[in-house]
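A.B. asks: Can you keep this structure in mind? I'll have questions shortly.
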Amino acid sequence: MLRAIGVLAIVATLWGWRALAWAAATESPSLGGAIDRTVLPVPEPSYPPITELDARNVTAPPRFEVRAPEGAPNVLIVLIDDMGFGMPSAFGGPIHMPTVDRLADAGLRFNQFHTTAVCSPTRTALLSGRNHHMNNMGGITETATAFPGNTGKRPNNVAPLAEMLRLNGYSTGFFGKNHETAPWEVSPSGPTDRWPTRSGFDEFYGFFGGETNQWAPYLYHGMNPVEIPRDPNYHFMVDMTDKAISWMQFQKALTPEKPFFMYFAPGATHAPHHVPKEWIAKNKGKFDQGWDVMREETLARQIKLGVVPPGTKLAPKPEAIKDWDELSADEKKLFARQMEIYAAFGEHTDTEIGRLVKAIEGTGQLDNTMLVFVYGDNGTSAEGGRNGMFSEMTYFNGVQETVADILKHYDELGGPMSYPHMAAGWAVAGDAPFAWTKQVASNFGGTRNGMVIHWPKRVTAKGEVRSQFHHVIDVAPTVLEAAGLPEPKVVNGTPQTPIEGVSMAYTFDEPAAAGRHTVQYFEMFGNRAIYADGWFAGTLHRAPWEFTPRAALLDDKWELYDTTKDFSLCTDLAAENPAKLKELQDLFLKEAVKHRVLPIDDRVVERVNAKLAGRPDLMGDRTSLTLHSGMKGMSENVFLNIKNRSLTITADVEIPKGGAEGVVIAQGGRFGGWSLYLKGGKPAYVYNFIGLERYTVAAPRAVRAGKATIRLEFAYDGGGLGKGGVATLFVDDEKVAEGRIARTQPIIFSADETADVGEDDATPVTEAYKSYDNKFTGKIRRVVVDVKPMGAGEKAEANAANTSAAAKEQAAN
């Protein structure tokens with residue numbers, strides 16, 4: 001008996017010690033406390049076995065819970081799309097953005113903050129703290145290759161910031177644009193490892209690609225597609241803000257003491273530039289003076305604000321950008337309207353961000369919420385080319401829109417019947433005082449973006465400017481330091497590559513502190529540069545609107561700047577200081593090897609062709625695809641490529657008594673695509689050529705009730721890409737209609753719309769049926785799409801034509 005009591009006493013003592021130790025370890029200690037947070041998830045404690053039979057006679061262990069450190073702030077990161085340094089009013093730009101103005105005046109402006117020059121790379125770097133090549137995101141996801149550093153798939157040894165925070169007791173939510181998931185992985189077949197809700201986010205509401213139609217987006221909530229409300233006033237920017245506010249308020253209502261991490265990444269202000277008319281009207285006449293005067297006015301405001309040094313000059317704009325005074329009256333009319341729309345888009349976005357900030361303020365926790373606003377994932381986009389566009393799909397398919405063409409749609413620009421972009425002159429002006437734009441990693445016009453931090457509890461300075469050199473990889477370590485968390489060494493069982501950024505928190509109280517980010521490489525599609533202790537050397541390998549490099553990689557001409565004296569990169573010192581240039585070129589190569597930048601891949605044709613680039617292609621060499629009712633949301637990356645070849649679409653359906661209506665299968669939408677549908681019971685096929693021409697082949701009589709096979713055969717003319725052909729409709733092997741399709745799209749139907757069976761989601765391919773009210777009313781047993789294999793000559797033609805398309809794809813995202 002005494003022996004048994006002794007054993008129980010020992011067990012109780014051990015139990016009590018472990019319970020106390022664990023209780024202490026779960027009190028969310030500050031950095032360096034009892035929990036080892038360098039291994040995530042934090043392991044559950046191991047308890048000795050219990051020998052007591054009756055639960056009433058033993059004390060339960062404390063509940064295992066990992067909480068965020070005491071006082072850890074909420075964190076909101078806002079990343080605006082395609083907005084250059086010289087656009088937002090907080091950095092001297094012409095776009096009225098009162099929300100960021102107010103927060104910048106109550107916080108800090110960072111005027112030497114940098115991105116990667118292009119979308120996907122910036123986003124992965126932001127959310128990981130590692131350089132984009134270490135994320136395998138050397139370019140956008142759609143141009144991934146087989147080379148390490150460019151595979152388009154974030155490796156397991158690069159854990160996202162959201163996962164680090166989630167495993168440390170944060171609620172995590174993501175709203176808006178993703179563009180970090182390999183496009184061939186975005187389907188029910190997965191894998192879903194790199195989808196947002198498996199990358200650290202509890203909540204996701206947004207889109208996966210590089211851009212979306214703001215009026216009719218294809219969205220996901222978590223891992224499930226979303227059906228957009230049938231609201232004529234719907235706009236995605238408003239919708240995503242509503243969802244973000246709702247999630248945040250719900251989280252704070254249930255667990256007010258638990259901090260949140262929210263990543264808020266609008267599709268704005270990336271093309272298409274979509275905004276309600278009343279916002280455009282507010283900017284009427286504001287840009288009639290043109291882009292040259294806008295650059296001058298912006299620089300003057302920047303100097304007055306203190307975000308550029310006194311004496312800063314405007315860098316000469318590229319030769320391809322005409323002086324405003326040389327333009328015709330029609331050009332000025334159109335181009336001014338384009339900038340009015342872009343500015344309205346920016347102001348509308350800022351207003352929605354203001355609603356989100358106000359909602360956080362309503363929880364009483366704004367003081368302990370660190371707001372990080374990054375105004376642009378790169379410089380302003382110049383892929384609008386010389387004239388801009390009514391429909392961006394013309395650009396992707398090699399169709400040049402003239403000023404006269406676009407002016408026909410003047411009143412539609414910015415609305416749901418357009419998919420517009422602006423002329424490149426505005427991009428250069430929007431990156432003032434620098435020379436270049438998005439995609440040019442070798443110039444600050446492509447990589448310098450305004451950044452604001454607002455955190456009243458910790459950042460006491462008001463309206464001050466911080467001029468230390470920093471990079472987007474510095475955001476993640478700043479958040480970790482703010483939260484009192486260490487950099488994890490192991491996450492989900494995988495040892496981690498070290499975070500490469502440095503925290504910016506040292507600047508909060510010390511405006512004159514020496515910068516800690518002293519070396520940074522830049523590389524994007526051959527444009528490359530290196531920053532080191534105030535010196536900057538780089539080479540322009542290809543301009544955004546050029547489809548071939550200016551020189552071979554070894555023959556590129558490099559420039560050299562002393563950024564401590566030359567803020568806008570006006571004075572090239574390469575000729576007078578060749579030794580410094582050589583030193584920096586050698587340093588670039590050293591950094592390039594270290595960060596998996598090499599080999600530099602400036603290929604164009606190969607990178608748009610999945611097989612040649614070495615990335616996965618779900619369809620491969622398949623020539624047949626069998627589909628079933630309800631299969632929706634198939635992007636062109638996971639669907640059979642029907643372009644530039646003959647094809648057959650065979651639909652086995654059942655028609656109810658009284659006939660059937662609606663879409664059997666469709667791909668694309670208002671700005672390019674095709675659809676097989678029934679109207680008034682009669683089968684029809686429509687081909688929509690880039691939203692400008694529609695060709696319809698329709699049967700004269702309805703399909704009878706019962707089982708039926710509807711077949712569309714398209715005989716392609718051949719002889720090149722984008723040619724026409726003859727479309728023939730059959731019902732139960734009987735020819736019922738035939739017609740000619742004069743032109744077809746050679747490269748892409750849509751950047752954001754999809755192939756759908758049983759309905760035409762998002763915008764309609766044809767106005768013959770309604771948006772969101774076109775579901776097939778019969779039964780679809782199956783639909784089979786068959787294409788004729790391309791011959792060797794056709795494949796060569798396709799590759800050659802893709803040269804310009806690839807360059808455009810790189811520039812546009």
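Ordering of the structure tokens sets the chain letters (A, B, ...), residue numbers begin anew at 1 in every chain, and ligands are numbered from 1 in the order given.
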Can you pull out the residues contacting Gln112 (chain A)? Cut-off 7 Å, using only C-alpha atoms, and skip same-chain residues under 2 positions away; I want them as JSON, numbers by chain.

C.D. replies: {"A": [110, 114, 448, 467, 468, 469, 470]}

A.B. asks: At a cut-off of 9 Å, using only C-alpha atoms, what residues contact Asp82 (chain A)? Leave out same-chain residues fewer than 4 positions from it and give the result as an NGL selection string.

C.D. replies: :A and (118-119 or 267-271 or 375-381 or 438 or 813)

A.B. asks: Work out how far apart CA of Gly92 (chain A) and CA of Thr447 (chain A) are and give it in Å to one decimal.

C.D. replies: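 Computing the Euclidean distance for CA of Gly92 (chain A) and CA of Thr447 (chain A) yields 17.2 Å.
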
A.B. asks: So which one's closest to Asn449 (chain A), A:Leu640, A:Ala90, A:Met370, A:Ala60? Using only C-alpha atoms, please.

C.D. replies: A:Ala90

A.B. asks: Could you make a table, as CSV, of the residues of region 153-246 of chain A that have an atom within 12 Å of an atom of region 601-620 of chain A, each with its nearest atom pair and distance in Å to one decimal, counting only C-alpha atoms, in chain and number order?

C.D. replies:
residue,atom,partner,partner_atom,distance
A:Lys153,CA,A:Arg615,CA,10.2
A:Ala182,CA,A:Pro616,CA,9.5
A:Pro183,CA,A:Asp617,CA,9.5
A:Trp184,CA,A:Leu618,CA,6.4
A:Glu185,CA,A:Leu618,CA,8.8
A:Val186,CA,A:Leu618,CA,10.6
A:Ser187,CA,A:Leu618,CA,9.9
A:Pro188,CA,A:Leu618,CA,11.9
A:Ser189,CA,A:Leu618,CA,9.6
A:Gly190,CA,A:Leu618,CA,10.6
A:Pro191,CA,A:Leu618,CA,11.9

A.B. asks: Go ahead and compute the interatomic distance for CA of Thr181 (chain A) and CA of Arg194 (chain A), in Å to one decimal.

C.D. replies: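 If I compute the distance from CA of Thr181 (chain A) to CA of Arg194 (chain A), I get 5.8 Å.
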
A.B. asks: What does the structure give for the distance between CA of Ile600 (chain A) and CA of Phe147 (chain A), in Å to one decimal?

C.D. replies: 9.6 Å

A.B. asks: Which is closer to Tyr342 (chain A) than all the others in A:Pro88, A:Pro433, A:Gly739, A:Pro511, using only C-alpha atoms?

C.D. replies: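 That would be A:Pro88, the residue with the smallest distance to Tyr342 (chain A).
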
A.B. asks: Taking 5 positions as the minimum chain separation for residues in the same chain, which residues sit within 12 Å of Thr766 (chain A) when counting only C-alpha atoms? Answer as a PyMOL selection string.

C.D. replies: chain A and resi 417+662-663+666-677+679+684-696+760-761+771+774

A.B. asks: Keeping N, CA, C and O atoms, export the residues of the selection given above as a compact mmCIF listing (two decimals), in the first residue's frame.

C.D. replies:
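And here is the file that came out, result-v6.txt:
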# COMPACT_ATOMS: atom_id res chain seq x y z
N MET A 417 -18.31 46.79 -70.78
CA MET A 417 -18.20 46.40 -72.18
C MET A 417 -16.79 46.60 -72.72
O MET A 417 -16.54 46.38 -73.91
N GLY A 662 -29.91 27.38 -73.43
CA GLY A 662 -28.69 27.57 -72.66
C GLY A 662 -27.44 27.01 -73.29
O GLY A 662 -27.45 26.43 -74.38
N VAL A 663 -26.35 27.16 -72.55
CA VAL A 663 -25.01 26.86 -73.05
C VAL A 663 -24.65 25.41 -72.78
O VAL A 663 -24.74 24.94 -71.64
N ALA A 666 -18.73 26.42 -73.39
CA ALA A 666 -18.20 27.71 -73.84
C ALA A 666 -16.78 27.87 -73.32
O ALA A 666 -16.41 27.30 -72.29
N GLN A 667 -15.99 28.67 -74.03
CA GLN A 667 -14.65 29.02 -73.57
C GLN A 667 -14.42 30.50 -73.85
O GLN A 667 -14.71 30.98 -74.94
N GLY A 668 -13.86 31.20 -72.85
CA GLY A 668 -13.62 32.63 -73.01
C GLY A 668 -14.85 33.44 -72.62
O GLY A 668 -15.67 33.02 -71.80
N GLY A 669 -14.97 34.62 -73.23
CA GLY A 669 -16.07 35.49 -72.86
C GLY A 669 -16.24 36.63 -73.84
O GLY A 669 -15.99 36.48 -75.04
N ARG A 670 -16.64 37.76 -73.33
CA ARG A 670 -17.00 38.91 -74.16
C ARG A 670 -15.85 39.39 -75.04
O ARG A 670 -16.07 39.97 -76.11
N PHE A 671 -14.62 39.18 -74.61
CA PHE A 671 -13.48 39.72 -75.34
C PHE A 671 -12.68 38.66 -76.08
O PHE A 671 -11.51 38.83 -76.38
N GLY A 672 -13.38 37.56 -76.40
CA GLY A 672 -12.79 36.50 -77.19
C GLY A 672 -13.18 35.13 -76.68
O GLY A 672 -13.08 34.86 -75.48
N GLY A 673 -13.62 34.25 -77.59
CA GLY A 673 -13.97 32.90 -77.19
C GLY A 673 -14.97 32.28 -78.14
O GLY A 673 -15.21 32.79 -79.25
N TRP A 674 -15.58 31.17 -77.72
CA TRP A 674 -16.55 30.46 -78.55
C TRP A 674 -17.58 29.79 -77.65
O TRP A 674 -17.32 29.54 -76.47
N SER A 675 -18.72 29.47 -78.23
CA SER A 675 -19.79 28.86 -77.44
C SER A 675 -20.67 28.00 -78.33
O SER A 675 -21.01 28.38 -79.45
N LEU A 676 -21.05 26.83 -77.79
CA LEU A 676 -22.05 25.97 -78.40
C LEU A 676 -23.27 26.00 -77.50
O LEU A 676 -23.17 25.65 -76.31
N TYR A 677 -24.41 26.46 -78.01
CA TYR A 677 -25.57 26.71 -77.16
C TYR A 677 -26.86 26.46 -77.91
O TYR A 677 -26.87 26.26 -79.13
N LYS A 679 -30.74 28.16 -78.40
CA LYS A 679 -31.60 29.33 -78.20
C LYS A 679 -32.91 29.06 -78.93
O LYS A 679 -32.91 28.77 -80.13
N ALA A 684 -26.73 26.39 -81.88
CA ALA A 684 -25.95 27.44 -82.55
C ALA A 684 -24.51 27.40 -82.04
O ALA A 684 -24.24 26.97 -80.91
N TYR A 685 -23.62 27.83 -82.88
CA TYR A 685 -22.20 27.96 -82.52
C TYR A 685 -21.77 29.37 -82.85
O TYR A 685 -22.04 29.87 -83.96
N VAL A 686 -21.11 30.03 -81.91
CA VAL A 686 -20.63 31.38 -82.15
C VAL A 686 -19.14 31.44 -81.86
O VAL A 686 -18.66 30.84 -80.90
N TYR A 687 -18.43 32.15 -82.72
CA TYR A 687 -17.00 32.40 -82.51
C TYR A 687 -16.83 33.91 -82.37
O TYR A 687 -17.19 34.68 -83.26
N ASN A 688 -16.29 34.31 -81.22
CA ASN A 688 -16.10 35.72 -80.91
C ASN A 688 -14.63 36.05 -81.09
O ASN A 688 -13.77 35.63 -80.32
N PHE A 689 -14.31 36.82 -82.13
CA PHE A 689 -12.93 37.21 -82.42
C PHE A 689 -12.58 38.48 -81.65
O PHE A 689 -13.03 39.57 -81.99
N ILE A 690 -11.83 38.32 -80.57
CA ILE A 690 -11.31 39.37 -79.68
C ILE A 690 -12.33 40.46 -79.34
O ILE A 690 -11.96 41.62 -79.12
N GLY A 691 -13.60 40.10 -79.31
CA GLY A 691 -14.62 41.06 -78.92
C GLY A 691 -15.01 42.04 -80.01
O GLY A 691 -15.87 42.89 -79.80
N LEU A 692 -14.38 41.92 -81.18
CA LEU A 692 -14.64 42.88 -82.26
C LEU A 692 -15.52 42.32 -83.36
O LEU A 692 -16.23 43.06 -84.03
N GLU A 693 -15.45 41.01 -83.59
CA GLU A 693 -16.26 40.39 -84.62
C GLU A 693 -16.83 39.08 -84.08
O GLU A 693 -16.15 38.34 -83.38
N ARG A 694 -18.10 38.80 -84.42
CA ARG A 694 -18.73 37.55 -84.00
C ARG A 694 -19.31 36.84 -85.22
O ARG A 694 -19.98 37.46 -86.05
N TYR A 695 -19.01 35.54 -85.29
CA TYR A 695 -19.49 34.72 -86.39
C TYR A 695 -20.39 33.64 -85.80
O TYR A 695 -19.97 32.88 -84.92
N THR A 696 -21.63 33.57 -86.28
CA THR A 696 -22.60 32.63 -85.72
C THR A 696 -23.11 31.68 -86.80
O THR A 696 -23.44 32.11 -87.91
N ASP A 760 -22.09 29.48 -69.41
CA ASP A 760 -21.03 30.40 -69.78
C ASP A 760 -20.85 31.35 -68.61
O ASP A 760 -21.60 32.31 -68.44
N ASP A 761 -19.86 31.05 -67.77
CA ASP A 761 -19.65 31.84 -66.56
C ASP A 761 -19.04 33.19 -66.90
O ASP A 761 -18.48 33.38 -67.98
N SER A 771 -25.64 37.11 -69.20
CA SER A 771 -24.62 36.73 -68.23
C SER A 771 -25.30 36.09 -67.02
O SER A 771 -26.36 36.54 -66.58
N ASN A 774 -27.64 31.56 -68.13
CA ASN A 774 -27.55 30.86 -69.40
C ASN A 774 -27.29 29.36 -69.22
O ASN A 774 -26.80 28.70 -70.13
